>>> print(open('data_39.pdb').read())   # PDB, C-alpha atoms and all ligand atoms
ATOM      1  CA  MET A   1      53.519  54.797  69.002  1.00  0.00           C
ATOM      2  CA  THR A   2      52.900  57.066  71.964  1.00  0.00           C
ATOM      3  CA  SER A   3      50.784  60.194  72.416  1.00  0.00           C
ATOM      4  CA  GLU A   4      54.014  62.246  72.519  1.00  0.00           C
ATOM      5  CA  GLN A   5      54.626  61.571  68.852  1.00  0.00           C
ATOM      6  CA  LEU A   6      54.616  64.399  66.319  1.00  0.00           C
ATOM      7  CA  ASN A   7      52.755  63.122  63.285  1.00  0.00           C
ATOM      8  CA  ILE A   8      52.761  65.562  60.389  1.00  0.00           C
ATOM      9  CA  ILE A   9      51.178  65.236  56.983  1.00  0.00           C
ATOM     10  CA  LEU A  10      52.957  67.209  54.252  1.00  0.00           C
ATOM     11  CA  PHE A  11      50.288  68.057  51.752  1.00  0.00           C
ATOM     12  CA  GLY A  12      50.305  69.730  48.358  1.00  0.00           C
ATOM     13  CA  PRO A  13      50.376  69.007  44.631  1.00  0.00           C
ATOM     14  CA  PRO A  14      53.319  67.302  42.917  1.00  0.00           C
ATOM     15  CA  GLY A  15      56.206  69.767  42.818  1.00  0.00           C
ATOM     16  CA  ALA A  16      55.076  71.767  45.859  1.00  0.00           C
ATOM     17  CA  GLY A  17      58.322  70.956  47.709  1.00  0.00           C
ATOM     18  CA  LYS A  18      57.119  68.226  50.081  1.00  0.00           C
ATOM     19  CA  GLY A  19      60.212  66.025  49.701  1.00  0.00           C
ATOM     20  CA  THR A  20      62.623  68.940  50.144  1.00  0.00           C
ATOM     21  CA  GLN A  21      60.901  70.188  53.272  1.00  0.00           C
ATOM     22  CA  ALA A  22      60.470  66.649  54.637  1.00  0.00           C
ATOM     23  CA  LYS A  23      64.264  66.196  54.678  1.00  0.00           C
ATOM     24  CA  LYS A  24      64.689  69.382  56.710  1.00  0.00           C
ATOM     25  CA  LEU A  25      61.916  68.427  59.145  1.00  0.00           C
ATOM     26  CA  ILE A  26      63.552  65.036  59.698  1.00  0.00           C
ATOM     27  CA  ASP A  27      66.818  66.758  60.648  1.00  0.00           C
ATOM     28  CA  GLN A  28      65.004  69.130  62.978  1.00  0.00           C
ATOM     29  CA  TYR A  29      62.625  66.744  64.752  1.00  0.00           C
ATOM     30  CA  GLY A  30      64.079  63.255  64.165  1.00  0.00           C
ATOM     31  CA  LEU A  31      60.909  62.020  62.477  1.00  0.00           C
ATOM     32  CA  VAL A  32      60.581  58.959  60.255  1.00  0.00           C
ATOM     33  CA  HIS A  33      59.849  59.830  56.622  1.00  0.00           C
ATOM     34  CA  LEU A  34      57.033  57.864  55.012  1.00  0.00           C
ATOM     35  CA  ALA A  35      56.817  58.907  51.354  1.00  0.00           C
ATOM     36  CA  THR A  36      54.548  56.534  49.467  1.00  0.00           C
ATOM     37  CA  GLY A  37      55.953  57.628  46.073  1.00  0.00           C
ATOM     38  CA  ASP A  38      59.510  56.747  47.199  1.00  0.00           C
ATOM     39  CA  LEU A  39      58.322  53.472  48.731  1.00  0.00           C
ATOM     40  CA  LEU A  40      56.539  52.538  45.495  1.00  0.00           C
ATOM     41  CA  ARG A  41      59.608  53.442  43.390  1.00  0.00           C
ATOM     42  CA  ASN A  42      61.655  51.142  45.687  1.00  0.00           C
ATOM     43  CA  GLU A  43      59.209  48.319  45.029  1.00  0.00           C
ATOM     44  CA  ILE A  44      59.598  48.906  41.272  1.00  0.00           C
ATOM     45  CA  ALA A  45      63.399  48.997  41.522  1.00  0.00           C
ATOM     46  CA  ASN A  46      63.339  45.719  43.495  1.00  0.00           C
ATOM     47  CA  GLU A  47      61.019  44.201  40.877  1.00  0.00           C
ATOM     48  CA  THR A  48      58.463  43.046  43.451  1.00  0.00           C
ATOM     49  CA  GLU A  49      54.919  41.981  42.610  1.00  0.00           C
ATOM     50  CA  LEU A  50      53.614  45.157  44.209  1.00  0.00           C
ATOM     51  CA  GLY A  51      56.033  47.208  42.115  1.00  0.00           C
ATOM     52  CA  SER A  52      54.888  45.588  38.922  1.00  0.00           C
ATOM     53  CA  LYS A  53      51.247  46.387  39.784  1.00  0.00           C
ATOM     54  CA  ALA A  54      52.085  50.018  40.497  1.00  0.00           C
ATOM     55  CA  LYS A  55      54.435  50.851  37.629  1.00  0.00           C
ATOM     56  CA  ALA A  56      52.022  51.182  34.713  1.00  0.00           C
ATOM     57  CA  ILE A  57      49.604  53.244  36.818  1.00  0.00           C
ATOM     58  CA  MET A  58      52.366  55.581  38.007  1.00  0.00           C
ATOM     59  CA  ASP A  59      53.663  56.032  34.448  1.00  0.00           C
ATOM     60  CA  GLU A  60      50.204  57.243  33.451  1.00  0.00           C
ATOM     61  CA  GLY A  61      50.155  59.761  36.293  1.00  0.00           C
ATOM     62  CA  LYS A  62      47.203  58.089  38.017  1.00  0.00           C
ATOM     63  CA  LEU A  63      46.823  57.072  41.655  1.00  0.00           C
ATOM     64  CA  VAL A  64      47.562  53.467  42.598  1.00  0.00           C
ATOM     65  CA  PRO A  65      44.776  51.593  44.484  1.00  0.00           C
ATOM     66  CA  ASP A  66      44.136  52.695  48.078  1.00  0.00           C
ATOM     67  CA  GLU A  67      44.553  49.239  49.629  1.00  0.00           C
ATOM     68  CA  LEU A  68      48.023  48.976  48.156  1.00  0.00           C
ATOM     69  CA  VAL A  69      49.400  52.197  49.707  1.00  0.00           C
ATOM     70  CA  ILE A  70      47.478  51.712  52.964  1.00  0.00           C
ATOM     71  CA  GLY A  71      49.151  48.291  53.305  1.00  0.00           C
ATOM     72  CA  ILE A  72      52.590  49.862  52.808  1.00  0.00           C
ATOM     73  CA  ILE A  73      51.901  52.531  55.442  1.00  0.00           C
ATOM     74  CA  ARG A  74      50.517  50.032  57.965  1.00  0.00           C
ATOM     75  CA  LYS A  75      53.680  47.943  57.661  1.00  0.00           C
ATOM     76  CA  LYS A  76      55.980  50.955  58.079  1.00  0.00           C
ATOM     77  CA  LEU A  77      54.092  52.220  61.159  1.00  0.00           C
ATOM     78  CA  GLU A  78      54.468  48.795  62.759  1.00  0.00           C
ATOM     79  CA  GLU A  79      58.172  48.586  61.895  1.00  0.00           C
ATOM     80  CA  ASN A  80      58.849  52.016  63.446  1.00  0.00           C
ATOM     81  CA  ALA A  81      56.563  51.877  66.475  1.00  0.00           C
ATOM     82  CA  ASP A  82      59.056  53.641  68.760  1.00  0.00           C
ATOM     83  CA  ALA A  83      59.820  56.576  66.449  1.00  0.00           C
ATOM     84  CA  PRO A  84      59.411  60.112  67.828  1.00  0.00           C
ATOM     85  CA  GLY A  85      56.902  60.698  65.061  1.00  0.00           C
ATOM     86  CA  PHE A  86      56.284  60.481  61.346  1.00  0.00           C
ATOM     87  CA  ILE A  87      56.184  62.700  58.288  1.00  0.00           C
ATOM     88  CA  PHE A  88      53.611  61.486  55.825  1.00  0.00           C
ATOM     89  CA  ASP A  89      54.639  62.739  52.393  1.00  0.00           C
ATOM     90  CA  GLY A  90      52.336  62.084  49.446  1.00  0.00           C
ATOM     91  CA  PHE A  91      49.938  60.172  51.715  1.00  0.00           C
ATOM     92  CA  PRO A  92      46.990  60.331  52.242  1.00  0.00           C
ATOM     93  CA  ARG A  93      45.850  61.202  48.727  1.00  0.00           C
ATOM     94  CA  THR A  94      42.187  60.127  48.956  1.00  0.00           C
ATOM     95  CA  LYS A  95      39.469  60.270  51.610  1.00  0.00           C
ATOM     96  CA  GLU A  96      39.701  56.469  52.008  1.00  0.00           C
ATOM     97  CA  GLN A  97      43.422  56.787  52.745  1.00  0.00           C
ATOM     98  CA  ALA A  98      42.797  59.620  55.233  1.00  0.00           C
ATOM     99  CA  GLU A  99      40.210  57.553  57.084  1.00  0.00           C
ATOM    100  CA  ALA A 100      42.534  54.533  57.149  1.00  0.00           C
ATOM    101  CA  LEU A 101      45.361  56.690  58.498  1.00  0.00           C
ATOM    102  CA  ASP A 102      43.108  58.069  61.248  1.00  0.00           C
ATOM    103  CA  GLU A 103      42.186  54.539  62.254  1.00  0.00           C
ATOM    104  CA  LEU A 104      45.767  53.294  62.203  1.00  0.00           C
ATOM    105  CA  THR A 105      47.168  56.185  64.230  1.00  0.00           C
ATOM    106  CA  LYS A 106      44.300  56.363  66.730  1.00  0.00           C
ATOM    107  CA  GLU A 107      44.497  52.606  67.246  1.00  0.00           C
ATOM    108  CA  LYS A 108      48.079  53.144  68.363  1.00  0.00           C
ATOM    109  CA  GLY A 109      47.151  56.101  70.585  1.00  0.00           C
ATOM    110  CA  SER A 110      49.018  58.683  68.525  1.00  0.00           C
ATOM    111  CA  PRO A 111      46.786  60.688  66.186  1.00  0.00           C
ATOM    112  CA  ILE A 112      47.803  63.038  63.383  1.00  0.00           C
ATOM    113  CA  SER A 113      49.113  66.290  64.905  1.00  0.00           C
ATOM    114  CA  MET A 114      48.510  68.526  61.876  1.00  0.00           C
ATOM    115  CA  LEU A 115      48.570  68.810  58.121  1.00  0.00           C
ATOM    116  CA  ILE A 116      50.937  71.310  56.502  1.00  0.00           C
ATOM    117  CA  ALA A 117      49.659  72.322  53.050  1.00  0.00           C
ATOM    118  CA  LEU A 118      52.211  73.856  50.679  1.00  0.00           C
ATOM    119  CA  GLU A 119      50.438  76.233  48.301  1.00  0.00           C
ATOM    120  CA  VAL A 120      52.055  76.664  44.844  1.00  0.00           C
ATOM    121  CA  HIS A 121      50.344  77.703  41.586  1.00  0.00           C
ATOM    122  CA  GLU A 122      50.193  75.354  38.592  1.00  0.00           C
ATOM    123  CA  GLU A 123      52.663  76.999  36.187  1.00  0.00           C
ATOM    124  CA  GLU A 124      55.352  77.011  38.898  1.00  0.00           C
ATOM    125  CA  LEU A 125      54.629  73.329  39.647  1.00  0.00           C
ATOM    126  CA  ILE A 126      55.100  72.363  36.003  1.00  0.00           C
ATOM    127  CA  ARG A 127      58.318  74.375  35.768  1.00  0.00           C
ATOM    128  CA  ARG A 128      59.739  72.702  38.904  1.00  0.00           C
ATOM    129  CA  LEU A 129      58.701  69.178  37.841  1.00  0.00           C
ATOM    130  CA  LEU A 130      60.200  69.452  34.348  1.00  0.00           C
ATOM    131  CA  GLN A 131      63.414  70.685  35.976  1.00  0.00           C
ATOM    132  CA  ARG A 132      63.368  67.744  38.411  1.00  0.00           C
ATOM    133  CA  GLY A 133      62.791  65.370  35.472  1.00  0.00           C
ATOM    134  CA  GLN A 134      65.975  66.674  33.848  1.00  0.00           C
ATOM    135  CA  ASP A 135      67.984  66.490  37.088  1.00  0.00           C
ATOM    136  CA  SER A 136      66.765  63.140  38.437  1.00  0.00           C
ATOM    137  CA  GLY A 137      65.675  61.202  35.369  1.00  0.00           C
ATOM    138  CA  ARG A 138      62.345  60.385  37.075  1.00  0.00           C
ATOM    139  CA  SER A 139      60.167  59.200  34.208  1.00  0.00           C
ATOM    140  CA  ASP A 140      56.862  60.704  35.374  1.00  0.00           C
ATOM    141  CA  ASP A 141      58.536  64.144  35.625  1.00  0.00           C
ATOM    142  CA  GLN A 142      59.712  64.208  32.024  1.00  0.00           C
ATOM    143  CA  ASP A 143      56.498  64.470  30.079  1.00  0.00           C
ATOM    144  CA  GLU A 144      54.279  67.525  30.441  1.00  0.00           C
ATOM    145  CA  GLU A 145      51.121  65.530  29.709  1.00  0.00           C
ATOM    146  CA  THR A 146      51.836  63.101  32.590  1.00  0.00           C
ATOM    147  CA  ILE A 147      52.607  66.022  34.874  1.00  0.00           C
ATOM    148  CA  ARG A 148      49.279  67.676  34.021  1.00  0.00           C
ATOM    149  CA  LYS A 149      47.496  64.364  34.643  1.00  0.00           C
ATOM    150  CA  ARG A 150      49.095  64.123  38.106  1.00  0.00           C
ATOM    151  CA  ILE A 151      48.056  67.667  38.941  1.00  0.00           C
ATOM    152  CA  GLN A 152      44.534  66.873  37.726  1.00  0.00           C
ATOM    153  CA  GLU A 153      44.444  63.730  39.925  1.00  0.00           C
ATOM    154  CA  TYR A 154      45.533  65.918  42.825  1.00  0.00           C
ATOM    155  CA  GLU A 155      42.774  68.470  42.197  1.00  0.00           C
ATOM    156  CA  GLU A 156      40.081  65.807  41.833  1.00  0.00           C
ATOM    157  CA  LYS A 157      40.994  63.271  44.496  1.00  0.00           C
ATOM    158  CA  THR A 158      43.452  64.816  46.946  1.00  0.00           C
ATOM    159  CA  ALA A 159      42.612  68.531  47.234  1.00  0.00           C
ATOM    160  CA  PRO A 160      39.150  67.684  48.710  1.00  0.00           C
ATOM    161  CA  LEU A 161      40.984  66.355  51.795  1.00  0.00           C
ATOM    162  CA  LYS A 162      41.436  69.998  52.805  1.00  0.00           C
ATOM    163  CA  GLU A 163      37.913  69.977  54.182  1.00  0.00           C
ATOM    164  CA  TYR A 164      38.444  66.666  55.981  1.00  0.00           C
ATOM    165  CA  TYR A 165      41.371  68.112  57.964  1.00  0.00           C
ATOM    166  CA  GLN A 166      39.808  71.567  58.370  1.00  0.00           C
ATOM    167  CA  ASN A 167      36.894  69.855  60.088  1.00  0.00           C
ATOM    168  CA  GLN A 168      39.396  68.400  62.574  1.00  0.00           C
ATOM    169  CA  ASP A 169      41.077  71.834  62.914  1.00  0.00           C
ATOM    170  CA  LYS A 170      44.363  70.342  61.710  1.00  0.00           C
ATOM    171  CA  TYR A 171      44.796  72.127  58.369  1.00  0.00           C
ATOM    172  CA  ARG A 172      47.643  74.697  58.176  1.00  0.00           C
ATOM    173  CA  SER A 173      48.151  76.554  54.909  1.00  0.00           C
ATOM    174  CA  ILE A 174      51.737  77.610  54.055  1.00  0.00           C
ATOM    175  CA  ASP A 175      52.885  79.796  51.144  1.00  0.00           C
ATOM    176  CA  GLY A 176      55.136  77.417  49.162  1.00  0.00           C
ATOM    177  CA  ILE A 177      56.800  80.124  47.063  1.00  0.00           C
ATOM    178  CA  GLY A 178      60.136  81.515  48.262  1.00  0.00           C
ATOM    179  CA  THR A 179      63.512  80.154  49.274  1.00  0.00           C
ATOM    180  CA  ILE A 180      63.744  76.692  50.832  1.00  0.00           C
ATOM    181  CA  GLU A 181      64.824  78.296  54.112  1.00  0.00           C
ATOM    182  CA  ASN A 182      61.957  80.813  54.137  1.00  0.00           C
ATOM    183  CA  ILE A 183      59.400  78.113  53.530  1.00  0.00           C
ATOM    184  CA  PHE A 184      60.975  75.878  56.204  1.00  0.00           C
ATOM    185  CA  ASP A 185      60.767  78.778  58.646  1.00  0.00           C
ATOM    186  CA  ARG A 186      57.030  79.175  57.934  1.00  0.00           C
ATOM    187  CA  ILE A 187      56.511  75.438  58.492  1.00  0.00           C
ATOM    188  CA  THR A 188      58.391  75.242  61.798  1.00  0.00           C
ATOM    189  CA  LYS A 189      56.459  78.286  63.088  1.00  0.00           C
ATOM    190  CA  ALA A 190      53.188  76.520  62.266  1.00  0.00           C
ATOM    191  CA  ILE A 191      54.391  73.332  63.995  1.00  0.00           C
ATOM    192  CA  GLU A 192      55.534  75.142  67.111  1.00  0.00           C
ATOM    193  CA  ALA A 193      52.282  77.114  67.299  1.00  0.00           C
ATOM    194  CA  GLY A 194      50.345  73.865  66.947  1.00  0.00           C
ATOM    195  CA  ARG A 195      52.355  72.204  69.674  1.00  0.00           C
ATOM    196  CA  THR A 196      51.676  74.852  72.288  1.00  0.00           C
ATOM    197  CA  VAL A 197      47.912  75.088  71.745  1.00  0.00           C
TER     198      VAL A 197
HETATM  199  P1  LIG A 201      55.005  61.093  44.313  1.00  0.00           P
HETATM  200  O1  LIG A 201      56.416  60.639  44.429  1.00  0.00           O
HETATM  201  O2  LIG A 201      54.369  61.377  45.667  1.00  0.00           O
HETATM  202  O3  LIG A 201      54.823  62.233  43.351  1.00  0.00           O
HETATM  203  O4  LIG A 201      54.172  59.857  43.722  1.00  0.00           O
HETATM  204  C1  LIG A 201      54.459  59.338  42.436  1.00  0.00           C
HETATM  205  C2  LIG A 201      53.321  58.450  41.986  1.00  0.00           C
HETATM  206  O5  LIG A 201      53.165  57.350  42.898  1.00  0.00           O
HETATM  207  C3  LIG A 201      51.947  59.106  41.948  1.00  0.00           C
HETATM  208  O6  LIG A 201      51.721  59.808  40.739  1.00  0.00           O
HETATM  209  C4  LIG A 201      51.028  57.900  42.110  1.00  0.00           C
HETATM  210  O7  LIG A 201      50.914  57.172  40.906  1.00  0.00           O
HETATM  211  C5  LIG A 201      51.791  57.038  43.096  1.00  0.00           C
HETATM  212  N1  LIG A 201      51.448  57.351  44.509  1.00  0.00           N
HETATM  213  C6  LIG A 201      52.268  57.859  45.458  1.00  0.00           C
HETATM  214  N2  LIG A 201      51.635  58.001  46.630  1.00  0.00           N
HETATM  215  C7  LIG A 201      50.359  57.574  46.419  1.00  0.00           C
HETATM  216  C8  LIG A 201      49.197  57.494  47.242  1.00  0.00           C
HETATM  217  N3  LIG A 201      49.215  57.890  48.526  1.00  0.00           N
HETATM  218  N4  LIG A 201      48.055  57.016  46.669  1.00  0.00           N
HETATM  219  C9  LIG A 201      48.024  56.607  45.394  1.00  0.00           C
HETATM  220  N5  LIG A 201      49.065  56.685  44.555  1.00  0.00           N
HETATM  221  C10 LIG A 201      50.243  57.156  45.060  1.00  0.00           C
END
>>> encode(input="data_39.pdb", output="structure tokens")
Amino acid sequence: MTSEQLNIILFGPPGAGKGTQAKKLIDQYGLVHLATGDLLRNEIANETELGSKAKAIMDEGKLVPDELVIGIIRKKLEENADAPGFIFDGFPRTKEQAEALDELTKEKGSPISMLIALEVHEEELIRRLLQRGQDSGRSDDQDEETIRKRIQEYEEKTAPLKEYYQNQDKYRSIDGIGTIENIFDRITKAIEAGRTV
């Protein structure tokens, strides 16, 4: 990694639109997408030991252990050392993960540039996730109780990270309601403003 890298955390509850916006940011800036949820689902599909540890926890809507996702991220950062930057999507989700990410990126001389928080209210999240469950077949999107558990996990363990990044002056709040293009426009404006400071 180099100090020129653009390292963005996409932050927000399940269903906020992180994956959708990540794809557009990758096209725009050529970043490498590191989505821990996708990486864990790959492990499950490949029937690895790690996947088998994660599956039951994910099906309950709970967070998998920190050391497990931190290990995945460390490996991916090493594999993509020359990338122009990274989009962290669904990671970090706890203070321990945020601290580990700071260490990993600073070690390599390329700290987190900013965190983009997509703000969407709960009823809209549940509506979007149930729709995604129908479209994609993703098991944890099909049951309203699991969805509510995931949102609760977010509120308890992940939302407090807001303060962690505000203290570093890296937190950027974005209205996550609107068309995909409108929201993308808000995000790129925040990135460009951050870059020129
Ligand atoms: P996602 O695709 O980001 O909604 O993640 C799906 C599920 O994977 C979550 O409900 C968690 O069980 C697990 N997961 C994904 N990322 C993390 C993470 N950073 N920390 C802990 N668990 C995670």
>>> axis_aligned_box(input="data_39.pdb", around="segment 91-96 of chain A", padding_each_side="3 Å", output="lines of an AutoDock Vina configuration file")
center_x = 44.7
center_y = 58.8
center_z = 50.5
size_x = 16.5
size_y = 10.7
size_z = 9.5
>>> resolve_selection(input="data_39.pdb", expression="the PyMOL selection byres (((not hetatm)) within 7 of (chain A and resi 201))", output="ChimeraX atom specification")
/A:14,35-38,40,57-58,61-66,69,89-93,150
>>> residues_around(input="data_39.pdb", residues="Lys55 of chain A", least_positions_apart="5", cutoff="10 Å", atoms="all atoms listed in the file", output="count of residues only")
10
>>> residues_around(input="data_39.pdb", residues="Ile112 of chain A", least_positions_apart="2", cutoff="8 Å", atoms="only C-alpha atoms", output="ChimeraX atom specification")
/A:6-9,102,105,110,114-115
>>> write_last_selection(input="data_39.pdb", atoms="C-alpha atoms", output="CSV table (one decimal), keeping the file's coordinate frame")
chain,number,residue,atom,x,y,z
A,6,LEU,CA,54.6,64.4,66.3
A,7,ASN,CA,52.8,63.1,63.3
A,8,ILE,CA,52.8,65.6,60.4
A,9,ILE,CA,51.2,65.2,57.0
A,102,ASP,CA,43.1,58.1,61.2
A,105,THR,CA,47.2,56.2,64.2
A,110,SER,CA,49.0,58.7,68.5
A,114,MET,CA,48.5,68.5,61.9
A,115,LEU,CA,48.6,68.8,58.1
>>> resolve_selection(input="data_39.pdb", expression="the PyMOL selection byres (((chain A and resi 154) around 10) and not hetatm)", output="count of residues only")
19
>>> resolve_selection(input="data_39.pdb", expression="the PyMOL selection byres (((chain A and resi 192) around 12) and not hetatm)", output="list in words")
Leu6, Gln28, Tyr29, Ser113, Met114, Arg172, Asp185, Arg186, Ile187, Thr188, Lys189, Ala190, Ile191, Ala193, Gly194, Arg195, Thr196 and Val197 of chain A
>>> residues_around(input="data_39.pdb", residues="segment 179-181 of chain A", least_positions_apart="3", cutoff="12 Å", atoms="only C-alpha atoms", output="compact mmCIF listing (two decimals) with C-alpha atoms, keeping the file's coordinate frame")
# COMPACT_ATOMS: atom_id res chain seq x y z
CA ALA A 16 55.08 71.77 45.86
CA GLY A 17 58.32 70.96 47.71
CA LYS A 18 57.12 68.23 50.08
CA GLY A 19 60.21 66.03 49.70
CA THR A 20 62.62 68.94 50.14
CA GLN A 21 60.90 70.19 53.27
CA ALA A 22 60.47 66.65 54.64
CA LYS A 23 64.26 66.20 54.68
CA LYS A 24 64.69 69.38 56.71
CA LEU A 25 61.92 68.43 59.14
CA LEU A 118 52.21 73.86 50.68
CA ASP A 175 52.88 79.80 51.14
CA GLY A 176 55.14 77.42 49.16
CA PHE A 184 60.98 75.88 56.20
CA ASP A 185 60.77 78.78 58.65
CA ARG A 186 57.03 79.18 57.93
CA ILE A 187 56.51 75.44 58.49
CA THR A 188 58.39 75.24 61.80
>>> atom_distance(input="data_39.pdb", atom1="atom CA of Ala54 of chain A", atom2="atom CA of Leu68 of chain A")
8.7 Å
>>> atom_distance(input="data_39.pdb", atom1="atom CA of Leu125 of chain A", atom2="atom CA of Ile177 of chain A")
10.3 Å
>>> atom_distance(input="data_39.pdb", atom1="atom CA of Leu104 of chain A", atom2="atom CA of Arg74 of chain A")
7.2 Å
>>> closest_residue(input="data_39.pdb", among="A:Asp82, A:Glu67, A:Asp27, A:Asp140", to="Glu4 of chain A", atoms="all atoms listed in the file")
A:Asp82
>>> closest_residue(input="data_39.pdb", among="A:Ile70, A:Ile26, A:Arg127, A:Val32", to="Gln97 of chain A", atoms="all atoms listed in the file")
A:Ile70
>>> closest_residue(input="data_39.pdb", among="A:Ile72, A:Ala98, A:Leu10, A:Leu31", to="Glu163 of chain A", atoms="all atoms listed in the file")
A:Ala98
>>> decode(input="data_39.pdb", residues="segment 165-181 of chain A", atoms="N, CA, C and O atoms", output="compact mmCIF listing (two decimals), in the first residue's frame")
# COMPACT_ATOMS: atom_id res chain seq x y z
N TYR A 165 -14.80 7.27 14.58
CA TYR A 165 -14.33 7.93 13.35
C TYR A 165 -14.56 9.44 13.40
O TYR A 165 -13.80 10.19 12.79
N GLN A 166 -15.59 9.88 14.15
CA GLN A 166 -15.76 11.33 14.33
C GLN A 166 -14.55 11.91 15.05
O GLN A 166 -14.07 12.98 14.71
N ASN A 167 -14.04 11.17 16.03
CA ASN A 167 -12.87 11.64 16.77
C ASN A 167 -11.64 11.79 15.87
O ASN A 167 -10.74 12.55 16.18
N GLN A 168 -11.63 11.04 14.78
CA GLN A 168 -10.51 11.16 13.82
C GLN A 168 -10.87 12.11 12.68
O GLN A 168 -10.15 12.19 11.69
N ASP A 169 -12.04 12.75 12.78
CA ASP A 169 -12.56 13.65 11.75
C ASP A 169 -12.68 12.96 10.38
O ASP A 169 -12.41 13.55 9.34
N LYS A 170 -13.11 11.70 10.41
CA LYS A 170 -13.23 10.95 9.15
C LYS A 170 -14.67 10.55 8.84
O LYS A 170 -14.92 9.87 7.84
N TYR A 171 -15.60 10.93 9.69
CA TYR A 171 -16.99 10.47 9.54
C TYR A 171 -17.76 11.42 8.62
O TYR A 171 -17.81 12.62 8.85
N ARG A 172 -18.35 10.87 7.54
CA ARG A 172 -19.16 11.69 6.62
C ARG A 172 -20.55 11.06 6.52
O ARG A 172 -20.68 9.91 6.07
N SER A 173 -21.56 11.80 6.92
CA SER A 173 -22.92 11.29 6.91
C SER A 173 -23.60 11.60 5.57
O SER A 173 -23.54 12.73 5.09
N ILE A 174 -24.22 10.58 4.96
CA ILE A 174 -24.87 10.74 3.65
C ILE A 174 -26.31 10.25 3.76
O ILE A 174 -26.56 9.16 4.28
N ASP A 175 -27.24 11.04 3.24
CA ASP A 175 -28.65 10.63 3.19
C ASP A 175 -28.76 9.45 2.21
O ASP A 175 -28.47 9.60 1.03
N GLY A 176 -29.18 8.29 2.73
CA GLY A 176 -29.23 7.07 1.91
C GLY A 176 -30.59 6.82 1.29
O GLY A 176 -30.84 5.70 0.81
N ILE A 177 -31.46 7.81 1.30
CA ILE A 177 -32.77 7.68 0.66
C ILE A 177 -32.75 8.49 -0.63
O ILE A 177 -32.32 9.65 -0.63
N GLY A 178 -33.23 7.88 -1.72
CA GLY A 178 -33.25 8.57 -3.01
C GLY A 178 -32.89 7.57 -4.10
O GLY A 178 -32.83 6.37 -3.84
N THR A 179 -32.64 8.07 -5.30
CA THR A 179 -32.26 7.14 -6.37
C THR A 179 -30.80 6.74 -6.18
O THR A 179 -30.02 7.44 -5.51
N ILE A 180 -30.42 5.61 -6.77
CA ILE A 180 -29.04 5.13 -6.67
C ILE A 180 -28.07 6.21 -7.17
O ILE A 180 -27.04 6.47 -6.55
N GLU A 181 -28.46 6.87 -8.27
CA GLU A 181 -27.59 7.90 -8.85
C GLU A 181 -27.44 9.10 -7.93
O GLU A 181 -26.35 9.65 -7.77
